[in-house]
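Reviewing the structure listed below.
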Amino acid sequence: MKDFYTPIKNNSNLFINFMNKAITASPQVQDNFLKVTNNVAQTIYKLLKHGNHIVNLEYIPNDFWIKNKSKTVAFVDGGVDKASIISTAPLSIRAGSYIVNKSKQKELFEENMIFLGDLYDPNNELYEFLEDANEEEALLSRKKDGARIIFEAATLVKHVLMKQSLDYCFLHGPIQAILTPFTHASFPPFCQFAVENILPFNNNRKLNKDQRHFINIYLECIKFIKKSKFPIWGVVETAVSASYIKNILFIYKNKGIISQKDYSQTISVINKYRITDTNLFEIILKKNQGLKPLEIQKQFYGYKLIQKSIWDDVVEQYPNIFMGYIKVTDNQCPIRIETLNHPENFIKDYHYILAVSKLLPSYSFPIGLDVVDKFAKIPNWLSKASRNYHTSYLLKKAIAKRDKNTISLAVKILSKKNRGWSNRPARGLRR
């Protein structure tokens, strides 16, 4: 055995080669990326200055809070059970609000939406395993994302429906999610009971399978939220898209400010190097600066659908959003803010978002959203207990039915184990 291992050990210089390449090539790659980013940033900065898109935001703590301490503000977020049970995913979900009024020294936590059980219609081949294991995992992830998104939207619907006296409402995440993950043919519809919880204004009207699909139900939520009498903003911590800069380029290309050639080249560079809004606005913006809201087709780019699907006719009905950015400190990336209606006084809104983000100086994010994030999450111990109960119940039902397919499904679910480094065999014990 010694003769077998020795040559491999002596000739294994992968780590040495990796370090040499990292030391010699990495600076060149980094310099090239910085050069490219800087060139794109200069182009975008000129367009922003030309259109007067950059705004300066003053923040004097004492003056601000004296004037704004009487405002009643709601912060909304959602949490999903992490238990990976395919037949009922997700098993449990809740969305909550943290409502606070500083002058009255009052704060309230509300569990606005709670759902336990089959969120999706079990009559839609939900219990079948997909042939592609990767697609199966991807579908499970999409179900969870769809559940969280729809219940957060339903919470906003509830605030609007109840005509609450709110000065502001903030959502942890985009005000309108990208729909592409949910347009896949395998994505199941919601069950009727779930729809009745999500759309209380629907008066328990019976809907068919297509009407209960995420794309349709989410559209109804968005339309209702748009009717709000108080400002509702979605706040995103780190933008991974280039929606703002691409739309700026598109607007000024159409106005003839930049040529079609320069437009195409810049878009190509942005896509090739995966340059995001955050990358550029981290360079362009200074502390206490923001970008004016820009009307954007969230599901489109220019006049082209992001991805063709059977839901194109419904997707086209989604309203545009208004997107902006605020840089709170020099040491943190700017945050993205979105709303469904053009803000009548966006400077006033920006000042409030900046102020509540200053309360978390090392994080630069609205403090109320950080609070409600912790409140809405479903703890791991509850997810684990839920999984244990449902897997035991599933196995009992499988044995009682004596159905081979049901038993096979139960065994597959029960046999899933975590393959982490912590539970691998110790050295010397492997076979």
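To be explicit about the labels: the chains of the structure tokens are called A, B, and onward in the order shown, and within each one the residues are counted from 1, while ligands get numbers from 1 in the order they are shown.
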
Please run DSSP on the backbone and report, as a PyMOL selection string, all residues within range 272-387 of chain A that come out as helix (DSSP H, G or I). chain A and resi 272-273+277-284+312-315+346-358+367-376+380-387

Pull N, CA and C atoms from the residues just selected and write them as a short mmCIF file (atom, residue, chain, number, x, y, z; two decimals), in the first residue's frame.
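Final file, result.cif:
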```cif
data_model
loop_
_atom_site.label_atom_id
_atom_site.label_comp_id
_atom_site.auth_asym_id
_atom_site.auth_seq_id
_atom_site.Cartn_x
_atom_site.Cartn_y
_atom_site.Cartn_z
N LYS A 272 -21.69 40.13 -20.14
CA LYS A 272 -20.49 39.28 -20.13
C LYS A 272 -19.85 39.26 -18.75
N TYR A 273 -19.72 40.41 -18.12
CA TYR A 273 -19.05 40.50 -16.82
C TYR A 273 -20.02 40.45 -15.65
N ASP A 277 -26.50 46.41 -10.79
CA ASP A 277 -26.77 47.76 -10.29
C ASP A 277 -25.91 48.06 -9.06
N THR A 278 -25.83 47.08 -8.17
CA THR A 278 -25.08 47.28 -6.93
C THR A 278 -23.61 47.57 -7.21
N ASN A 279 -23.01 46.84 -8.16
CA ASN A 279 -21.61 47.08 -8.52
C ASN A 279 -21.38 48.53 -8.91
N LEU A 280 -22.22 49.03 -9.79
CA LEU A 280 -22.01 50.37 -10.33
C LEU A 280 -22.39 51.47 -9.34
N PHE A 281 -23.52 51.31 -8.66
CA PHE A 281 -23.97 52.39 -7.78
C PHE A 281 -23.14 52.46 -6.50
N GLU A 282 -22.45 51.37 -6.18
CA GLU A 282 -21.46 51.43 -5.09
C GLU A 282 -20.35 52.40 -5.46
N ILE A 283 -20.01 52.47 -6.74
CA ILE A 283 -18.96 53.38 -7.22
C ILE A 283 -19.50 54.79 -7.43
N ILE A 284 -20.69 54.89 -8.02
CA ILE A 284 -21.23 56.18 -8.43
C ILE A 284 -21.78 57.00 -7.26
N ASP A 312 -47.86 34.06 -20.87
CA ASP A 312 -47.48 35.36 -21.41
C ASP A 312 -48.62 36.39 -21.36
N ASP A 313 -49.84 35.96 -21.70
CA ASP A 313 -50.97 36.89 -21.72
C ASP A 313 -51.24 37.46 -20.32
N VAL A 314 -51.04 36.63 -19.29
CA VAL A 314 -51.26 37.11 -17.92
C VAL A 314 -50.09 37.97 -17.46
N VAL A 315 -48.88 37.55 -17.80
CA VAL A 315 -47.68 38.30 -17.41
C VAL A 315 -47.73 39.73 -17.95
N PHE A 346 -41.37 61.55 -3.34
CA PHE A 346 -40.40 60.48 -3.12
C PHE A 346 -39.23 60.95 -2.23
N ILE A 347 -38.91 62.24 -2.25
CA ILE A 347 -37.83 62.73 -1.40
C ILE A 347 -38.19 62.51 0.07
N LYS A 348 -39.43 62.76 0.42
CA LYS A 348 -39.90 62.54 1.78
C LYS A 348 -39.79 61.07 2.15
N ASP A 349 -40.19 60.20 1.22
CA ASP A 349 -40.11 58.75 1.46
C ASP A 349 -38.65 58.32 1.60
N TYR A 350 -37.80 58.84 0.72
CA TYR A 350 -36.38 58.49 0.76
C TYR A 350 -35.76 58.88 2.09
N HIS A 351 -36.13 60.06 2.59
CA HIS A 351 -35.58 60.52 3.86
C HIS A 351 -35.95 59.55 4.99
N TYR A 352 -37.18 59.06 4.97
CA TYR A 352 -37.59 58.14 6.04
C TYR A 352 -36.84 56.81 5.92
N ILE A 353 -36.73 56.27 4.72
CA ILE A 353 -36.01 55.01 4.52
C ILE A 353 -34.55 55.17 4.94
N LEU A 354 -33.94 56.30 4.58
CA LEU A 354 -32.56 56.56 4.98
C LEU A 354 -32.43 56.60 6.50
N ALA A 355 -33.36 57.29 7.16
CA ALA A 355 -33.29 57.46 8.61
C ALA A 355 -33.40 56.13 9.35
N VAL A 356 -34.37 55.29 8.97
CA VAL A 356 -34.53 54.01 9.68
C VAL A 356 -33.40 53.04 9.34
N SER A 357 -32.73 53.28 8.21
CA SER A 357 -31.56 52.46 7.86
C SER A 357 -30.32 52.91 8.61
N LYS A 358 -30.27 54.17 9.00
CA LYS A 358 -29.15 54.68 9.79
C LYS A 358 -29.09 54.05 11.17
N ILE A 367 -34.28 49.16 10.07
CA ILE A 367 -34.20 48.36 11.29
C ILE A 367 -35.48 47.57 11.53
N GLY A 368 -36.63 48.11 11.14
CA GLY A 368 -37.89 47.39 11.33
C GLY A 368 -37.96 46.12 10.53
N LEU A 369 -37.34 46.11 9.35
CA LEU A 369 -37.32 44.89 8.53
C LEU A 369 -36.41 43.83 9.13
N ASP A 370 -35.35 44.27 9.80
CA ASP A 370 -34.47 43.33 10.50
C ASP A 370 -35.21 42.69 11.67
N VAL A 371 -36.04 43.49 12.35
CA VAL A 371 -36.81 42.99 13.49
C VAL A 371 -37.86 41.98 13.03
N VAL A 372 -38.64 42.34 11.99
CA VAL A 372 -39.71 41.46 11.55
C VAL A 372 -39.16 40.21 10.87
N ASP A 373 -37.97 40.28 10.31
CA ASP A 373 -37.34 39.10 9.70
C ASP A 373 -37.13 38.02 10.76
N LYS A 374 -36.66 38.42 11.93
CA LYS A 374 -36.45 37.46 13.01
C LYS A 374 -37.78 36.96 13.56
N PHE A 375 -38.78 37.83 13.55
CA PHE A 375 -40.10 37.47 14.09
C PHE A 375 -40.82 36.46 13.19
N ALA A 376 -40.69 36.63 11.87
CA ALA A 376 -41.47 35.82 10.93
C ALA A 376 -40.87 34.45 10.66
N ASN A 380 -35.93 26.27 13.34
CA ASN A 380 -35.53 24.95 12.87
C ASN A 380 -36.13 23.82 13.71
N TRP A 381 -36.24 24.06 15.03
CA TRP A 381 -36.77 22.98 15.87
C TRP A 381 -38.22 22.66 15.51
N LEU A 382 -38.98 23.69 15.09
CA LEU A 382 -40.36 23.46 14.70
C LEU A 382 -40.42 22.74 13.35
N SER A 383 -39.53 23.13 12.43
CA SER A 383 -39.47 22.46 11.14
C SER A 383 -39.13 20.97 11.30
N LYS A 384 -38.17 20.69 12.19
CA LYS A 384 -37.75 19.30 12.41
C LYS A 384 -38.88 18.49 13.01
N ALA A 385 -39.58 19.07 14.00
CA ALA A 385 -40.69 18.36 14.63
C ALA A 385 -41.81 18.12 13.63
N SER A 386 -42.05 19.11 12.79
CA SER A 386 -43.09 18.98 11.77
C SER A 386 -42.73 17.87 10.78
N ARG A 387 -41.47 17.82 10.38
CA ARG A 387 -41.03 16.78 9.44
C ARG A 387 -41.18 15.39 10.06
#
```

All residues 9 Å or closer to Val160 in chain A, only C-alpha atoms, same chain fewer than 6 positions away omitted, as a PyMOL selection string: chain A and resi 224-225+227-230

Each residue of range 205-277 of chain A lying at most 9 Å from range 185-196 of chain A should get a row with its shortest atom-to-atom pair and the distance in Å to one decimal, counting only C-alpha atoms; could you produce that, ordered by chain and increasing number, as a tab-separated table?
```
residue	atom	partner	partner_atom	distance
A:Arg205	CA	A:Glu196	CA	8.0
A:Lys206	CA	A:Gln192	CA	7.1
A:Leu207	CA	A:Gln192	CA	7.1
A:Asn208	CA	A:Gln192	CA	8.7
A:Lys209	CA	A:Pro189	CA	6.1
A:Asp210	CA	A:Pro189	CA	6.9
A:Gln211	CA	A:Pro189	CA	8.1
A:Arg212	CA	A:Pro189	CA	5.2
A:His213	CA	A:Pro189	CA	4.1
A:Phe214	CA	A:Pro189	CA	6.4
A:Ile217	CA	A:Val195	CA	7.6
```

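Nearest residue to Phe109 in chain A, choosing from A:Gly79, A:Ala74, A:Pro366, A:Ala153 and counting only C-alpha atoms: A:Ala74.
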